[in-house]
file model_35.cif (mmCIF, C-alpha atoms and all ligand atoms)
data_query
loop_
_atom_site.group_PDB
_atom_site.id
_atom_site.type_symbol
_atom_site.label_atom_id
_atom_site.label_comp_id
_atom_site.auth_asym_id
_atom_site.auth_seq_id
_atom_site.Cartn_x
_atom_site.Cartn_y
_atom_site.Cartn_z
ATOM 1 C CA MET A 296 99.634 148.449 -6.108
ATOM 2 C CA LYS A 297 97.437 147.315 -3.288
ATOM 3 C CA LYS A 298 96.056 150.001 -1.085
ATOM 4 C CA GLY A 299 97.303 149.971 2.470
ATOM 5 C CA PHE A 300 100.860 148.941 1.691
ATOM 6 C CA SER A 301 103.565 151.453 2.296
ATOM 7 C CA HIS A 302 106.447 151.853 -0.087
ATOM 8 C CA ASP A 303 108.479 154.547 1.575
ATOM 9 C CA ARG A 304 109.223 152.889 4.893
ATOM 10 C CA PRO A 305 111.796 150.189 5.560
ATOM 11 C CA ALA A 306 110.363 146.678 5.652
ATOM 12 C CA ARG A 307 111.570 146.206 9.209
ATOM 13 C CA TYR A 308 109.345 149.047 10.413
ATOM 14 C CA ASP A 309 106.330 147.689 8.564
ATOM 15 C CA ARG A 310 107.032 144.240 9.947
ATOM 16 C CA GLN A 311 106.906 145.622 13.454
ATOM 17 C CA LEU A 312 103.572 147.263 12.711
ATOM 18 C CA ALA A 313 102.206 144.101 11.126
ATOM 19 C CA GLU A 314 103.241 142.030 14.118
ATOM 20 C CA GLU A 315 101.717 144.512 16.542
ATOM 21 C CA HIS A 316 98.472 144.107 14.671
ATOM 22 C CA LYS A 317 96.822 141.107 16.130
ATOM 23 C CA ASP A 318 95.897 138.361 13.767
ATOM 24 C CA PRO A 319 92.088 138.751 13.551
ATOM 25 C CA TYR A 320 91.827 134.965 13.474
ATOM 26 C CA ARG A 321 93.320 134.507 16.921
ATOM 27 C CA PRO A 322 90.552 134.396 19.518
ATOM 28 C CA LYS A 323 90.284 137.498 21.660
ATOM 29 C CA ALA A 324 89.225 135.526 24.704
ATOM 30 C CA LYS A 325 91.006 132.398 25.816
ATOM 31 C CA LEU A 326 89.309 129.184 24.855
ATOM 32 C CA SER A 327 88.338 126.756 27.552
ATOM 33 C CA GLU A 328 90.674 123.801 27.812
ATOM 34 C CA PRO A 329 90.833 121.244 26.473
ATOM 35 C CA THR A 330 89.506 122.173 23.036
ATOM 36 C CA VAL A 331 90.111 120.188 19.841
ATOM 37 C CA CYS A 332 89.964 121.439 16.246
ATOM 38 C CA PRO A 333 87.506 119.116 14.456
ATOM 39 C CA GLN A 334 89.330 119.677 11.136
ATOM 40 C CA CYS A 335 93.029 119.197 11.907
ATOM 41 C CA ALA A 336 92.830 117.640 15.416
ATOM 42 C CA LEU A 337 95.159 120.142 17.066
ATOM 43 C CA VAL A 338 94.551 120.489 20.795
ATOM 44 C CA TYR A 339 94.316 123.845 22.542
ATOM 45 C CA HIS A 340 96.335 123.396 25.716
ATOM 46 C CA ASP A 341 98.196 125.851 27.970
ATOM 47 C CA GLY A 342 96.983 128.704 25.779
ATOM 48 C CA HIS A 343 98.407 127.270 22.538
ATOM 49 C CA TRP A 344 97.271 125.010 19.726
ATOM 50 C CA GLN A 345 99.478 121.939 19.880
ATOM 51 C CA THR A 346 99.868 118.490 18.375
ATOM 52 C CA LEU A 347 98.670 116.286 21.206
ATOM 53 C CA PRO A 348 96.502 113.198 21.620
ATOM 54 C CA ARG A 349 92.813 114.074 21.880
ATOM 55 C CA PRO A 350 91.963 114.560 25.569
ATOM 56 C CA ASP A 351 88.767 113.157 27.093
ATOM 57 C CA GLY A 352 85.846 115.544 27.289
ATOM 58 C CA ALA A 353 87.339 118.058 24.888
ATOM 59 C CA GLN A 354 85.159 120.743 23.359
ATOM 60 C CA GLU A 355 85.452 121.438 19.653
ATOM 61 C CA SER A 356 86.396 124.689 18.013
ATOM 62 C CA VAL A 357 87.954 125.271 14.603
ATOM 63 C CA CYS A 358 91.552 126.500 15.006
ATOM 64 C CA PRO A 359 92.699 129.816 13.467
ATOM 65 C CA ALA A 360 94.652 128.107 10.656
ATOM 66 C CA CYS A 361 91.668 125.992 9.568
ATOM 67 C CA ARG A 362 89.385 129.045 9.781
ATOM 68 C CA ARG A 363 91.655 130.956 7.415
ATOM 69 C CA ILE A 364 91.681 127.954 5.080
ATOM 70 C CA ASN A 365 87.861 127.714 5.226
ATOM 71 C CA ASP A 366 87.496 131.424 4.520
ATOM 72 C CA ASN A 367 90.253 131.367 1.881
ATOM 73 C CA PHE A 368 91.749 134.384 3.628
ATOM 74 C CA PRO A 369 95.561 134.108 3.620
ATOM 75 C CA ALA A 370 97.871 136.139 5.859
ATOM 76 C CA GLY A 371 100.903 135.525 3.643
ATOM 77 C CA TYR A 372 101.383 135.696 -0.106
ATOM 78 C CA VAL A 373 104.611 134.503 -1.744
ATOM 79 C CA THR A 374 105.058 135.059 -5.480
ATOM 80 C CA LEU A 375 107.963 133.528 -7.398
ATOM 81 C CA GLU A 376 108.267 134.744 -10.947
ATOM 82 C CA SER A 377 110.991 134.589 -13.614
ATOM 83 C CA ASP A 378 112.456 132.316 -16.267
ATOM 84 C CA PHE A 379 114.442 130.685 -13.497
ATOM 85 C CA VAL A 380 111.148 129.762 -11.828
ATOM 86 C CA LYS A 381 109.964 128.137 -15.025
ATOM 87 C CA GLN A 382 113.036 125.904 -15.108
ATOM 88 C CA HIS A 383 113.220 125.084 -11.394
ATOM 89 C CA ARG A 384 109.577 124.823 -10.367
ATOM 90 C CA ASP A 385 109.841 121.446 -8.689
ATOM 91 C CA GLU A 386 112.873 122.388 -6.578
ATOM 92 C CA LEU A 387 111.277 125.678 -5.533
ATOM 93 C CA VAL A 388 107.997 124.042 -4.537
ATOM 94 C CA LYS A 389 109.876 121.335 -2.665
ATOM 95 C CA LEU A 390 111.908 123.904 -0.741
ATOM 96 C CA ALA A 391 108.710 125.790 0.130
ATOM 97 C CA ARG A 392 107.134 122.560 1.398
ATOM 98 C CA THR A 393 110.132 121.493 3.501
ATOM 99 C CA THR A 394 110.387 125.004 4.960
ATOM 100 C CA GLU A 395 106.699 124.848 5.849
ATOM 101 C CA GLN A 396 107.102 121.442 7.468
ATOM 102 C CA ARG A 397 110.056 122.590 9.573
ATOM 103 C CA GLU A 398 108.096 125.632 10.727
ATOM 104 C CA ARG A 399 104.925 123.658 11.300
ATOM 105 C CA ASP A 400 106.678 121.092 13.502
ATOM 106 C CA GLN A 401 107.296 123.908 15.978
ATOM 107 C CA HIS A 402 104.252 126.070 15.268
ATOM 108 C CA PRO A 403 101.352 124.007 13.908
ATOM 109 C CA LEU A 404 99.289 127.053 12.869
ATOM 110 C CA GLN A 405 101.991 128.008 10.339
ATOM 111 C CA ARG A 406 100.827 126.383 7.123
ATOM 112 C CA ILE A 407 100.813 126.636 3.384
ATOM 113 C CA MET A 408 97.227 127.072 2.214
ATOM 114 C CA ASP A 409 97.679 126.732 -1.501
ATOM 115 C CA ILE A 410 100.354 126.537 -4.188
ATOM 116 C CA ASN A 411 99.292 127.729 -7.598
ATOM 117 C CA ASP A 412 101.781 127.049 -10.378
ATOM 118 C CA ASP A 413 100.858 128.426 -13.783
ATOM 119 C CA GLY A 414 104.179 127.648 -15.466
ATOM 120 C CA ASN A 415 105.937 131.023 -15.270
ATOM 121 C CA LYS A 416 104.774 131.981 -11.835
ATOM 122 C CA ILE A 417 104.244 130.211 -8.538
ATOM 123 C CA ASP A 418 101.843 131.722 -6.018
ATOM 124 C CA ILE A 419 101.929 130.392 -2.491
ATOM 125 C CA THR A 420 99.458 131.446 0.182
ATOM 126 C CA THR A 421 99.934 130.843 3.902
ATOM 127 C CA THR A 422 97.951 130.923 7.131
ATOM 128 C CA ASP A 423 100.396 133.245 8.878
ATOM 129 C CA ILE A 424 102.924 135.959 8.078
ATOM 130 C CA HIS A 425 105.902 134.140 9.645
ATOM 131 C CA VAL A 426 105.853 131.005 7.529
ATOM 132 C CA ALA A 427 105.592 133.163 4.375
ATOM 133 C CA ARG A 428 108.706 135.071 5.391
ATOM 134 C CA ARG A 429 110.552 131.827 6.184
ATOM 135 C CA ILE A 430 109.740 130.464 2.720
ATOM 136 C CA GLY A 431 110.940 133.675 1.056
ATOM 137 C CA GLU A 432 114.143 133.678 3.092
ATOM 138 C CA ALA A 433 114.830 129.973 2.443
ATOM 139 C CA ILE A 434 114.494 130.475 -1.320
ATOM 140 C CA HIS A 435 116.618 133.611 -1.205
ATOM 141 C CA SER A 436 119.390 131.938 0.758
ATOM 142 C CA ALA A 437 119.378 128.835 -1.479
ATOM 143 C CA TYR A 438 119.142 130.600 -4.869
ATOM 144 C CA GLU A 439 120.019 134.272 -4.165
ATOM 145 C CA GLY A 440 118.082 136.540 -6.542
ATOM 146 C CA ASP A 441 115.881 139.450 -5.417
ATOM 147 C CA LEU A 442 113.630 139.154 -2.424
ATOM 148 C CA ASP A 443 111.052 141.802 -1.655
ATOM 149 C CA ILE A 444 109.041 141.702 1.555
ATOM 150 C CA LYS A 445 106.158 144.070 2.141
ATOM 151 C CA TYR A 446 104.198 144.039 5.341
ATOM 152 C CA GLY A 447 100.767 145.573 5.383
ATOM 153 C CA PRO A 448 101.062 148.180 8.135
ATOM 154 C CA GLU A 449 97.289 148.337 8.487
ATOM 155 C CA ASP A 450 96.674 144.616 8.528
ATOM 156 C CA TYR A 451 98.181 141.353 9.619
ATOM 157 C CA VAL A 452 99.479 140.437 6.185
ATOM 158 C CA VAL A 453 102.739 140.079 4.262
ATOM 159 C CA ARG A 454 103.409 140.014 0.522
ATOM 160 C CA ILE A 455 106.661 138.517 -0.623
ATOM 161 C CA SER A 456 108.007 138.413 -4.111
ATOM 162 C CA TRP A 457 111.138 136.726 -5.362
ATOM 163 C CA SER A 458 112.733 136.560 -8.771
ATOM 164 C CA ARG A 459 116.059 135.599 -10.271
HETATM 165 ZN ZN ZN A 501 92.513 123.178 12.701
#
call {"tool": "encode", "arguments": {"input": "model_35.cif", "output": "structure tokens", "more": "lines below"}}
Ligand SMILES: [Zn+2]
result
Amino acid sequence: MKKGFSHDRPARYDRQLAEEHKDPYRPKAKLSEPTVCPQCALVYHDGHWQTLPRPDGAQESVCPACRRINDNFPAGYVTLESDFVKQHRDELVKLARTTEQRERDQHPLQRIMDINDDGNKIDITTTDIHVARRIGEAIHSAYEGDLDIKYGPEDYVVRISWSR
């Protein structure tokens, strides 16, 4: 078991703690506006990273999602593992992708970083804790099974596992 994860508190309580912990990848000071991410072209406007046309005279700064991707430092881990996973890999990956896209349309920093499928197990990493939870919940509501969500009370991180 990973250090720093609690096992005797309800997930809801840990979630609250995790959310109170600021994502270390969000800037502490506000960026000047307009700023553009040179990697994904999001525009920082009105205090948020948004999908907008590139404004004239924009500064450049890598957005928090791209920084996590560059550092290979996920905030969310989703693990799907069972015989069912072996037989339904494509559907599960597709559902994860469509859930990501739906989330990302509203919140462009919510992204899948990587999907690693070794046959029996699918590991998905994400740039934020919310999109990881959405993926876990979407799979659970479509296929039932057992969903386990553990928030890191000390850090801005969530680990989700699902099996059926
Ligand atoms: Zn970016």
call {"tool": "atom_distance", "arguments": {"input": "model_35.cif", "atom1": "CA of Pro333 (chain A)", "atom2": "CA of Phe368 (chain A)"}}
result
19.2 Å
call {"tool": "residues_near_ligand", "arguments": {"input": "model_35.cif", "ligand": "ligand ZN 501 (chain A)", "cutoff": "9 Å", "atoms": "all atoms listed in the file", "output": "list in words"}}
result
Val331, Cys332, Pro333, Gln334, Cys335, Ala336, Leu337, Val338, Trp344, Ser356, Val357, Cys358, Pro359, Ala360, Cys361, Arg362, Pro403 and Leu404 of chain A
call {"tool": "resolve_selection", "arguments": {"input": "model_35.cif", "expression": "the PyMOL selection byres (((chain A and resi 393-400) around 10) and not hetatm)", "output": "count of residues only"}}
result
24
call {"tool": "resolve_selection", "arguments": {"input": "model_35.cif", "expression": "the PyMOL selection byres (((chain A and resi 449-455) around 8) and not hetatm)", "output": "JSON, numbers by chain"}}
result
{"A": [299, 300, 312, 313, 314, 316, 317, 318, 319, 369, 370, 371, 372, 373, 374, 423, 424, 427, 428, 431, 442, 443, 444, 445, 446, 447, 448, 456, 457]}
call {"tool": "resolve_selection", "arguments": {"input": "model_35.cif", "expression": "the PyMOL selection byres (((chain A and resi 412-419) around 6) and not hetatm)", "output": "PyMOL selection string"}}
result
chain A and resi 372-376+381+409-411+420
call {"tool": "atom_distance", "arguments": {"input": "model_35.cif", "atom1": "CA of Met408 (chain A)", "atom2": "CA of Gln382 (chain A)"}}
result
23.5 Å
call {"tool": "atom_distance", "arguments": {"input": "model_35.cif", "atom1": "CA of Leu387 (chain A)", "atom2": "CA of Ala437 (chain A)"}}
result
9.6 Å
call {"tool": "residues_around", "arguments": {"input": "model_35.cif", "residues": "Gly352 (chain A)", "least_positions_apart": "5", "cutoff": "10 Å", "atoms": "only C-alpha atoms", "output": "ChimeraX atom specification"}}
result
/A:328-331
call {"tool": "write_last_selection", "arguments": {"input": "model_35.cif", "atoms": "C-alpha atoms", "output": "mmCIF file, keeping the file's coordinate frame"}}
result
data_model
loop_
_atom_site.group_PDB
_atom_site.id
_atom_site.type_symbol
_atom_site.label_atom_id
_atom_site.label_comp_id
_atom_site.auth_asym_id
_atom_site.auth_seq_id
_atom_site.Cartn_x
_atom_site.Cartn_y
_atom_site.Cartn_z
ATOM 1 C CA GLU A 328 90.674 123.801 27.812
ATOM 2 C CA PRO A 329 90.833 121.244 26.473
ATOM 3 C CA THR A 330 89.506 122.173 23.036
ATOM 4 C CA VAL A 331 90.111 120.188 19.841
#
call {"tool": "closest_residue", "arguments": {"input": "model_35.cif", "among": "A:Glu355, A:His383, A:Asp441, A:Lys325", "to": "His343 (chain A)", "atoms": "all atoms listed in the file"}}
result
A:Lys325
call {"tool": "closest_residue", "arguments": {"input": "model_35.cif", "among": "A:Ser458, A:Thr422, A:Gln311, A:Gly440", "to": "Asn367 (chain A)", "atoms": "all atoms listed in the file"}}
result
A:Thr422
call {"tool": "closest_residue", "arguments": {"input": "model_35.cif", "among": "A:Phe379, A:Tyr339, A:Tyr308, A:Tyr320", "to": "Glu439 (chain A)", "atoms": "only C-alpha atoms"}}
result
A:Phe379
